[in-house]
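Trainee: Structure provided below as structure tokens; questions to follow.
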Amino acid sequence: MVVPVLLLLSVTSLLDGAGGEEFVSQLALPELTTMVAALGMVVVALSFFRGFYPQGSMSRMAFGVASMAAAGVWLWTFAKGGSILLEGGDMELGIDYTAIVLLLLGAVALRGAFYVAEMLSYRKEWLAARS
């Protein structure tokens, strides 16, 4: 989560230094950096609790699914929904990469499904270890 925040901070400072303050405001980079950092801390906190519980427990599954849902929101926010539009003077530049973002969100959803499958696979072992 640190690398994307550093990337956003560097892009913001590079654009500010090169006279691209208009693009910084159009992309709302300072607000995006704050949001990405805050959502990243949520993902890290949920991932901590996921790792705290043993395989097969409902708690691990719940925190695993919640952390992947938060990671999906983080990814969507960081990717700005899969489209960027910049307007400057008589020029307009639009990039639509929604398909790539949706593919990555599918991978995040599969990771969430993994925690459900993990709970079902290790449930009997976890219950036997408790008694």
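By convention here, the chains of the structure tokens are called A, B, ... in the order presented, each chain's residues are numbered starting at 1, and ligands are numbered starting at 1 in the order presented.
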Show which residues sit within 9 Å of A:Gly51, as a PDB file with N, CA and C atoms, in the first residue's frame. Count only C-alpha atoms, and ignore same-chain residues fewer than 4 positions away.
Mentor:
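Output file part.pdb is given in full below:
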ATOM      1  N   LEU A  46      -7.721  -5.169   8.372  1.00  0.00           N
ATOM      2  CA  LEU A  46      -8.527  -6.379   8.179  1.00  0.00           C
ATOM      3  C   LEU A  46      -7.647  -7.590   7.880  1.00  0.00           C
ATOM      4  N   SER A  47      -6.570  -7.380   7.154  1.00  0.00           N
ATOM      5  CA  SER A  47      -5.659  -8.480   6.839  1.00  0.00           C
ATOM      6  C   SER A  47      -4.935  -8.971   8.096  1.00  0.00           C
ATOM      7  N   GLN A  55      -6.794 -21.369  10.219  1.00  0.00           N
ATOM      8  CA  GLN A  55      -7.538 -21.852   9.053  1.00  0.00           C
ATOM      9  C   GLN A  55      -8.698 -22.708   9.525  1.00  0.00           C
ATOM     10  N   ARG A  60     -11.672 -16.171  10.513  1.00  0.00           N
ATOM     11  CA  ARG A  60     -10.682 -15.984   9.445  1.00  0.00           C
ATOM     12  C   ARG A  60     -11.383 -15.768   8.104  1.00  0.00           C
ATOM     13  N   PHE A  63     -12.995 -12.172   8.066  1.00  0.00           N
ATOM     14  CA  PHE A  63     -12.009 -11.115   7.860  1.00  0.00           C
ATOM     15  C   PHE A  63     -11.333 -11.239   6.489  1.00  0.00           C
ATOM     16  N   GLY A  64     -11.203 -12.453   5.990  1.00  0.00           N
ATOM     17  CA  GLY A  64     -10.635 -12.628   4.650  1.00  0.00           C
ATOM     18  C   GLY A  64     -11.533 -12.047   3.573  1.00  0.00           C
TER      19      GLY A  64
END
Trainee: If you run DSSP over the backbone, which residues in chain A end up strand (DSSP E or B)? Put them as a list in words.
Mentor: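 Taking chain A and keeping strand (DSSP E or B) only, one gets Ser83, Ile84, Leu85, Leu86, Glu87, Gly88, Met91, Glu92, Leu93, Gly94, Ile95 and Asp96 of chain A.
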Trainee: Write out as a ChimeraX atom specification all residues of stretch 15-94 of chain A that DSSP puts in helix (DSSP H, G or I) for this structure's backbone.
Mentor: /A:15-17,21-27,29-52,58-78,80-82
Trainee: For the residues in that selection, give me C-alpha atoms as a short mmCIF file (atom, residue, chain, number, x, y, z; two decimals), in the first residue's frame.
Mentor:
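The resulting file, again13.cif, is shown below:
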data_model
loop_
_atom_site.label_atom_id
_atom_site.label_comp_id
_atom_site.auth_asym_id
_atom_site.auth_seq_id
_atom_site.Cartn_x
_atom_site.Cartn_y
_atom_site.Cartn_z
CA LEU A 15 3.08 17.75 -12.30
CA ASP A 16 3.19 20.69 -9.88
CA GLY A 17 6.86 21.31 -10.72
CA GLU A 21 -1.40 22.25 -11.61
CA GLU A 22 -4.49 22.15 -13.81
CA PHE A 23 -4.06 18.39 -14.34
CA VAL A 24 -3.46 17.84 -10.62
CA SER A 25 -6.78 19.50 -9.85
CA GLN A 26 -8.62 17.70 -12.69
CA LEU A 27 -7.40 14.32 -11.43
CA LEU A 29 -4.58 13.79 -6.92
CA PRO A 30 -4.23 15.14 -3.33
CA GLU A 31 -7.70 13.84 -2.43
CA LEU A 32 -6.99 10.56 -4.21
CA THR A 33 -3.74 10.14 -2.26
CA THR A 34 -5.55 10.66 1.03
CA MET A 35 -8.32 8.23 0.08
CA VAL A 36 -5.88 5.55 -1.12
CA ALA A 37 -3.86 5.84 2.11
CA ALA A 38 -6.98 5.62 4.30
CA LEU A 39 -8.44 2.65 2.42
CA GLY A 40 -5.02 0.99 2.46
CA MET A 41 -4.95 1.20 6.25
CA VAL A 42 -8.38 -0.46 6.38
CA VAL A 43 -7.14 -3.30 4.15
CA VAL A 44 -4.03 -3.75 6.32
CA ALA A 45 -6.07 -3.81 9.54
CA LEU A 46 -8.53 -6.38 8.18
CA SER A 47 -5.66 -8.48 6.84
CA PHE A 48 -4.03 -8.47 10.28
CA PHE A 49 -7.14 -9.96 11.86
CA ARG A 50 -7.46 -12.46 9.01
CA GLY A 51 -3.95 -13.69 9.75
CA PHE A 52 -4.63 -13.77 13.48
CA MET A 58 -15.41 -18.53 10.63
CA SER A 59 -13.54 -15.47 11.91
CA ARG A 60 -10.68 -15.98 9.45
CA MET A 61 -13.17 -16.40 6.61
CA ALA A 62 -15.12 -13.28 7.62
CA PHE A 63 -12.01 -11.12 7.86
CA GLY A 64 -10.64 -12.63 4.65
CA VAL A 65 -13.76 -11.80 2.68
CA ALA A 66 -13.97 -8.34 4.30
CA SER A 67 -10.31 -7.60 3.53
CA MET A 68 -10.80 -8.59 -0.11
CA ALA A 69 -13.93 -6.43 -0.36
CA ALA A 70 -11.92 -3.51 1.05
CA ALA A 71 -9.10 -4.33 -1.39
CA GLY A 72 -11.60 -4.19 -4.23
CA VAL A 73 -12.79 -0.75 -3.13
CA TRP A 74 -9.15 0.32 -2.77
CA LEU A 75 -8.34 -0.91 -6.28
CA TRP A 76 -11.38 0.80 -7.82
CA THR A 77 -10.49 4.06 -6.04
CA PHE A 78 -6.80 3.91 -7.00
CA LYS A 80 -10.24 5.99 -10.65
CA GLY A 81 -12.96 3.63 -11.85
CA GLY A 82 -11.08 2.67 -14.99
#
Trainee: What does the structure give for the distance between atom CA of A:Leu7 and atom CA of A:Glu87, in Å to one decimal?
Mentor: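 Distance reported for this atom pair: 22.1 Å.
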Trainee: Please measure the separation of atom CA of A:Leu102 and atom CA of A:Ile84, giving the value in Å to one decimal.
Mentor: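 Atom CA of A:Ile84 lies at a distance of 15.2 Å from atom CA of A:Leu102.
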Trainee: Can you tell me how far atom CA of A:Tyr97 sits from atom CA of A:Val2, in Å to one decimal?
Mentor: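 It comes out at 23.0 Å.
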Trainee: Between A:Ser83, A:Glu125, A:Ala109, A:Phe114, which one has atoms that come closest to A:Asp96, using only C-alpha atoms?
Mentor: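 Closest candidate: A:Ser83.
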